[in-house]
>>> print(open('coords03.txt').read())   # compact mmCIF, C-alpha atoms
# COMPACT_ATOMS: atom_id res chain seq x y z
CA MET A 1131 27.45 -33.52 22.12
CA ASN A 1132 29.60 -30.90 20.49
CA LEU A 1133 27.48 -28.51 18.39
CA PRO A 1134 28.86 -25.34 16.85
CA SER A 1135 27.71 -22.28 18.80
CA SER A 1136 25.73 -20.94 15.81
CA ARG A 1137 23.55 -24.07 15.80
CA ILE A 1138 22.94 -23.77 19.54
CA GLY A 1139 21.91 -20.15 19.07
CA ILE A 1140 19.51 -21.09 16.27
CA ALA A 1141 18.07 -23.92 18.36
CA TRP A 1142 17.43 -21.59 21.31
CA LEU A 1143 15.87 -19.01 19.00
CA GLY A 1144 13.49 -21.69 17.71
CA VAL A 1145 12.55 -22.70 21.26
CA ALA A 1146 12.01 -19.07 22.25
CA LEU A 1147 9.79 -18.40 19.22
CA PHE A 1148 7.79 -21.58 19.84
CA VAL A 1149 7.22 -20.75 23.51
CA SER A 1150 6.33 -17.12 22.75
CA GLY A 1151 3.87 -18.13 20.04
CA GLY A 1152 6.04 -16.89 17.18
CA LEU A 1153 6.03 -20.39 15.67
CA ARG A 1154 3.14 -22.79 15.76
CA SER A 1155 3.49 -26.53 16.06
CA THR A 1156 2.21 -28.29 12.96
CA GLY A 1157 0.68 -30.96 15.19
CA ALA A 1158 -1.34 -28.56 17.37
CA ARG A 1159 -4.49 -26.88 16.11
CA ALA A 1160 -4.75 -23.15 16.58
CA ALA A 1161 -7.78 -22.11 18.61
CA ALA A 1162 -10.51 -20.63 16.43
CA GLU A 1163 -11.19 -16.98 16.97
CA PRO A 1164 -14.67 -16.19 18.26
CA PRO A 1165 -16.95 -14.54 15.69
CA PHE A 1166 -16.97 -10.75 15.57
CA THR A 1167 -19.75 -9.14 17.57
CA CYS A 1168 -20.79 -5.55 17.98
CA SER A 1169 -20.08 -4.03 21.36
CA PRO A 1170 -23.22 -3.49 23.47
CA ALA A 1171 -21.87 0.03 24.04
CA ALA A 1172 -21.68 0.80 20.30
CA ARG A 1173 -23.35 4.07 19.42
CA PRO A 1174 -26.09 4.33 16.82
CA ALA A 1175 -25.06 5.26 13.29
CA ASN A 1176 -26.62 8.40 11.88
CA LEU A 1177 -28.62 6.81 9.09
CA THR A 1178 -30.36 10.07 8.19
CA LEU A 1179 -27.52 10.98 5.82
CA ALA A 1180 -28.96 11.44 2.33
CA LEU A 1181 -26.81 11.69 -0.81
CA ASN A 1182 -27.40 11.32 -4.53
CA ASP A 1183 -26.53 8.09 -6.34
CA LEU A 1184 -25.06 7.85 -9.86
CA ASN A 1185 -28.51 8.55 -11.35
CA ASN A 1186 -28.87 11.67 -9.16
CA ASP A 1187 -31.64 9.98 -7.15
CA THR A 1188 -31.56 10.73 -3.43
CA VAL A 1189 -30.62 7.75 -1.26
CA THR A 1190 -30.98 7.86 2.51
CA LEU A 1191 -28.88 5.41 4.53
CA SER A 1192 -31.94 4.53 6.62
CA ALA A 1193 -33.31 2.72 3.54
CA PHE A 1194 -30.80 -0.04 4.36
CA LYS A 1195 -31.62 -0.44 8.06
CA GLY A 1196 -32.16 -4.11 8.83
CA ARG A 1197 -29.13 -5.05 6.73
CA VAL A 1198 -25.47 -5.16 7.74
CA ILE A 1199 -23.97 -2.09 6.06
CA LEU A 1200 -20.37 -1.80 4.95
CA LEU A 1201 -20.10 1.96 4.33
CA ASN A 1202 -16.93 2.86 2.45
CA PHE A 1203 -15.76 6.46 1.93
CA TRP A 1204 -13.29 6.62 -0.96
CA ALA A 1205 -11.90 8.69 -3.84
CA THR A 1206 -10.98 7.83 -7.42
CA TRP A 1207 -7.40 9.06 -6.90
CA CYS A 1208 -6.86 6.82 -3.84
CA GLY A 1209 -4.65 3.75 -4.54
CA PRO A 1210 -5.74 1.74 -1.46
CA CYS A 1211 -9.38 2.48 -2.35
CA ARG A 1212 -8.83 0.94 -5.77
CA THR A 1213 -7.34 -2.13 -4.09
CA GLU A 1214 -10.26 -2.54 -1.67
CA THR A 1215 -13.08 -1.96 -4.17
CA PRO A 1216 -12.90 -5.44 -5.81
CA TRP A 1217 -13.05 -6.97 -2.30
CA PHE A 1218 -16.28 -5.07 -1.63
CA VAL A 1219 -17.70 -6.23 -4.97
CA GLU A 1220 -16.90 -9.81 -3.96
CA LEU A 1221 -18.35 -9.38 -0.44
CA GLN A 1222 -21.56 -7.96 -1.94
CA ASN A 1223 -21.78 -10.93 -4.32
CA ARG A 1224 -21.10 -13.46 -1.58
CA TYR A 1225 -23.14 -12.06 1.33
CA GLY A 1226 -25.75 -9.76 -0.24
CA LYS A 1227 -28.36 -12.52 -0.18
CA ASP A 1228 -27.65 -12.98 3.55
CA GLY A 1229 -28.26 -9.34 4.41
CA LEU A 1230 -25.08 -7.40 3.57
CA GLN A 1231 -25.32 -4.06 1.81
CA VAL A 1232 -22.10 -2.43 0.66
CA LEU A 1233 -22.39 1.31 0.02
CA GLY A 1234 -19.66 3.48 -1.45
CA VAL A 1235 -19.40 7.24 -0.98
CA SER A 1236 -17.01 9.11 -3.25
CA ILE A 1237 -15.96 12.02 -1.07
CA ASP A 1238 -14.59 14.54 -3.55
CA ASP A 1239 -14.99 13.35 -7.12
CA PRO A 1240 -17.41 14.71 -9.72
CA LEU A 1241 -19.89 12.36 -11.36
CA SER A 1242 -17.80 12.51 -14.56
CA LEU A 1243 -14.99 10.64 -12.74
CA ILE A 1244 -17.12 8.38 -10.56
CA LYS A 1245 -19.12 6.75 -13.37
CA PRO A 1246 -16.11 5.46 -15.37
CA TYR A 1247 -14.41 4.31 -12.15
CA ALA A 1248 -17.52 2.34 -11.14
CA ALA A 1249 -17.81 0.81 -14.62
CA ASP A 1250 -14.10 -0.06 -14.79
CA LEU A 1251 -14.20 -1.86 -11.42
CA LYS A 1252 -17.64 -3.41 -12.12
CA ILE A 1253 -19.06 -2.03 -8.86
CA ASN A 1254 -22.26 -3.89 -8.00
CA TYR A 1255 -23.42 -1.79 -5.05
CA PRO A 1256 -24.79 1.75 -4.74
CA ILE A 1257 -22.29 4.57 -5.14
CA LEU A 1258 -23.23 7.88 -3.55
CA GLN A 1259 -21.86 11.33 -4.35
CA GLY A 1260 -20.24 12.96 -1.33
CA MET A 1261 -18.64 15.93 -3.10
CA GLY A 1262 -19.99 19.14 -1.60
CA HIS A 1263 -21.45 17.30 1.41
CA ARG A 1264 -18.44 17.22 3.73
CA ASP A 1265 -20.35 18.95 6.55
CA GLU A 1266 -23.26 16.50 6.41
CA ILE A 1267 -20.87 13.52 6.30
CA ALA A 1268 -18.88 14.92 9.24
CA ALA A 1269 -22.08 15.50 11.21
CA ALA A 1270 -23.17 11.91 10.58
CA PHE A 1271 -19.85 10.04 10.93
CA GLY A 1272 -17.26 12.50 12.22
CA SER A 1273 -14.39 14.02 10.31
CA LEU A 1274 -12.80 11.65 7.84
CA ARG A 1275 -9.07 11.74 8.52
CA GLY A 1276 -8.23 9.89 5.33
CA VAL A 1277 -9.50 7.57 2.67
CA PRO A 1278 -10.42 4.88 2.58
CA THR A 1279 -12.52 5.08 5.73
CA THR A 1280 -14.98 2.24 6.21
CA PHE A 1281 -17.69 1.70 8.79
CA ILE A 1282 -19.38 -1.61 9.60
CA ILE A 1283 -22.96 -1.02 10.78
CA SER A 1284 -25.12 -3.73 12.36
CA ARG A 1285 -28.65 -4.62 11.32
CA ASP A 1286 -29.99 -2.57 14.22
CA GLY A 1287 -28.04 0.49 13.10
CA LYS A 1288 -25.07 0.42 15.51
CA LEU A 1289 -21.55 1.52 14.52
CA CYS A 1290 -19.65 -1.70 15.17
CA ALA A 1291 -16.30 -0.96 13.53
CA LYS A 1292 -14.35 1.82 11.84
CA HIS A 1293 -11.35 1.29 9.59
CA VAL A 1294 -9.15 4.23 8.56
CA GLY A 1295 -6.76 3.40 5.76
CA ALA A 1296 -6.29 0.14 3.95
CA THR A 1297 -7.52 -2.90 5.85
CA ALA A 1298 -7.04 -6.58 5.08
CA ARG A 1299 -9.86 -8.19 3.14
CA ALA A 1300 -10.13 -10.97 5.73
CA GLY A 1301 -10.76 -8.39 8.46
CA TYR A 1302 -13.78 -6.96 6.63
CA GLU A 1303 -15.12 -10.42 5.85
CA ALA A 1304 -14.78 -11.63 9.44
CA GLN A 1305 -16.67 -8.60 10.73
CA VAL A 1306 -19.42 -8.88 8.13
CA LYS A 1307 -19.85 -12.63 8.73
CA GLY A 1308 -19.98 -12.07 12.47
CA LEU A 1309 -22.93 -9.72 12.07
CA LEU A 1310 -24.84 -11.82 9.54
CA PRO A 1311 -27.00 -14.77 10.57
CA VAL A 1312 -25.43 -18.19 10.44
CA TYR A 1313 -27.10 -20.56 8.01
>>> encode(input="coords03.txt", output="structure tokens")
Amino acid sequence: MNLPSSRIGIAWLGVALFVSGGLRSTGARAAAEPPFTCSPAARPANLTLALNDLNNDTVTLSAFKGRVILLNFWATWCGPCRTETPWFVELQNRYGKDGLQVLGVSIDDPLSLIKPYAADLKINYPILQGMGHRDEIAAAFGSLRGVPTTFIISRDGKLCAKHVGATARAGYEAQVKGLLPVY
């Protein structure tokens, strides 16, 4: 058989990608990933952090113990935060009845900016005011190196995951589902 060298090169590239896992056979089923679980070595989350909500009522994170908590630190000026917020609204809608509680903490915005942002994005979960509480937040969760920063906390109050920067929606959902009961 006399094939042009470019076709042979392409054929070998295809074989190499298939063998290395770069291409998947349409006839073979990909193995399902195991559900996300929290490491037994995960440290407890500091759920004593107390901040005011949009009505200036004090909310302590311990009020949500027994639920899976997706704790998102964000800012109104943050583009990736604005992208993630609708995902969190959807996750709260979908999994709230199963034990998920999304909480948002605006780290440096005044109430006058937070309220319209929450209304515009139709946020359906508690928003807490973090402005002026950087030391308390750092004591509870460490220094925030950027926004968004999101923690996934198990029902028993363990820090199971931390995401710094934008994260894929599917990643959050997989972690949340892994910590919720299966019905």
>>> residues_around(input="coords03.txt", residues="stretch 1236-1239 of chain A", least_positions_apart="6", cutoff="6 Å", atoms="only C-alpha atoms", output="count of residues only")
6
>>> residues_around(input="coords03.txt", residues="A:Ile1244", least_positions_apart="2", cutoff="9 Å", atoms="only C-alpha atoms", output="VMD selection string")
chain A and resid 1184 1205 to 1206 1236 1239 to 1242 1246 to 1249 1257 1259
>>> residues_around(input="coords03.txt", residues="A:Phe1281", least_positions_apart="2", cutoff="7 Å", atoms="all atoms listed in the file", output="count of residues only")
9
>>> residues_near_point(input="coords03.txt", point="(-23.7, 6.4, -2.8)", cutoff="6 Å", atoms="only C-alpha atoms", output="compact mmCIF listing (two decimals) with C-alpha atoms, in the coordinates of the input")
# COMPACT_ATOMS: atom_id res chain seq x y z
CA ASP A 1183 -26.53 8.09 -6.34
CA LEU A 1233 -22.39 1.31 0.02
CA GLY A 1234 -19.66 3.48 -1.45
CA VAL A 1235 -19.40 7.24 -0.98
CA PRO A 1256 -24.79 1.75 -4.74
CA ILE A 1257 -22.29 4.57 -5.14
CA LEU A 1258 -23.23 7.88 -3.55
CA GLN A 1259 -21.86 11.33 -4.35
>>> atom_distance(input="coords03.txt", atom1="atom CA of A:Ser1169", atom2="atom CA of A:Leu1230")
18.8 Å
>>> closest_residue(input="coords03.txt", among="A:Lys1307, A:Val1198, A:Lys1245, A:Gly1272", to="A:Asn1186", atoms="only C-alpha atoms")
A:Lys1245
>>> residues_around(input="coords03.txt", residues="A:Gly1301", least_positions_apart="4", cutoff="12 Å", atoms="all atoms listed in the file", output="ChimeraX atom specification")
/A:1165-1166,1214,1217-1218,1221,1280,1282,1291-1293,1296-1297,1305-1308
>>> write_last_selection(input="coords03.txt", atoms="C-alpha atoms", output="PDB file, in the coordinates of the input")
ATOM      1  CA  PRO A1165     -16.950 -14.540  15.690  1.00  0.00           C
ATOM      2  CA  PHE A1166     -16.970 -10.750  15.570  1.00  0.00           C
ATOM      3  CA  GLU A1214     -10.260  -2.540  -1.670  1.00  0.00           C
ATOM      4  CA  TRP A1217     -13.050  -6.970  -2.300  1.00  0.00           C
ATOM      5  CA  PHE A1218     -16.280  -5.070  -1.630  1.00  0.00           C
ATOM      6  CA  LEU A1221     -18.350  -9.380  -0.440  1.00  0.00           C
ATOM      7  CA  THR A1280     -14.980   2.240   6.210  1.00  0.00           C
ATOM      8  CA  ILE A1282     -19.380  -1.610   9.600  1.00  0.00           C
ATOM      9  CA  ALA A1291     -16.300  -0.960  13.530  1.00  0.00           C
ATOM     10  CA  LYS A1292     -14.350   1.820  11.840  1.00  0.00           C
ATOM     11  CA  HIS A1293     -11.350   1.290   9.590  1.00  0.00           C
ATOM     12  CA  ALA A1296      -6.290   0.140   3.950  1.00  0.00           C
ATOM     13  CA  THR A1297      -7.520  -2.900   5.850  1.00  0.00           C
ATOM     14  CA  GLN A1305     -16.670  -8.600  10.730  1.00  0.00           C
ATOM     15  CA  VAL A1306     -19.420  -8.880   8.130  1.00  0.00           C
ATOM     16  CA  LYS A1307     -19.850 -12.630   8.730  1.00  0.00           C
ATOM     17  CA  GLY A1308     -19.980 -12.070  12.470  1.00  0.00           C
TER      18      GLY A1308
END
>>> closest_residue(input="coords03.txt", among="A:Leu1251, A:Cys1211, A:Leu1309, A:Ile1267", to="A:Cys1290", atoms="all atoms listed in the file")
A:Leu1309
>>> residues_around(input="coords03.txt", residues="A:Asn1223", least_positions_apart="5", cutoff="12 Å", atoms="only C-alpha atoms", output="mmCIF file with C-alpha atoms, in the coordinates of the input")
data_model
loop_
_atom_site.group_PDB
_atom_site.id
_atom_site.type_symbol
_atom_site.label_atom_id
_atom_site.label_comp_id
_atom_site.auth_asym_id
_atom_site.auth_seq_id
_atom_site.Cartn_x
_atom_site.Cartn_y
_atom_site.Cartn_z
ATOM 1 C CA PRO A 1216 -12.900 -5.440 -5.810
ATOM 2 C CA TRP A 1217 -13.050 -6.970 -2.300
ATOM 3 C CA PHE A 1218 -16.280 -5.070 -1.630
ATOM 4 C CA ASP A 1228 -27.650 -12.980 3.550
ATOM 5 C CA GLY A 1229 -28.260 -9.340 4.410
ATOM 6 C CA LEU A 1230 -25.080 -7.400 3.570
ATOM 7 C CA GLN A 1231 -25.320 -4.060 1.810
ATOM 8 C CA VAL A 1232 -22.100 -2.430 0.660
ATOM 9 C CA LYS A 1252 -17.640 -3.410 -12.120
ATOM 10 C CA ILE A 1253 -19.060 -2.030 -8.860
ATOM 11 C CA ASN A 1254 -22.260 -3.890 -8.000
ATOM 12 C CA TYR A 1255 -23.420 -1.790 -5.050
#
>>> atom_distance(input="coords03.txt", atom1="atom CA of A:Arg1275", atom2="atom CA of A:Val1294")
7.5 Å
>>> closest_residue(input="coords03.txt", among="A:Ala1270, A:Ala1298, A:Pro1164, A:Arg1173", to="A:Thr1190", atoms="only C-alpha atoms")
A:Ala1270
>>> atom_distance(input="coords03.txt", atom1="atom CA of A:Ser1273", atom2="atom CA of A:Asp1286")
23.1 Å
>>> closest_residue(input="coords03.txt", among="A:Gln1222, A:Trp1207, A:Cys1168, A:Leu1179", to="A:Asp1265", atoms="only C-alpha atoms")
A:Leu1179
>>> closest_residue(input="coords03.txt", among="A:Ala1304, A:Val1277, A:Ile1199, A:Leu1243", to="A:Leu1177", atoms="all atoms listed in the file")
A:Ile1199
>>> closest_residue(input="coords03.txt", among="A:Leu1310, A:Cys1208, A:Leu1274, A:Ala1269", to="A:Thr1178", atoms="all atoms listed in the file")
A:Ala1269
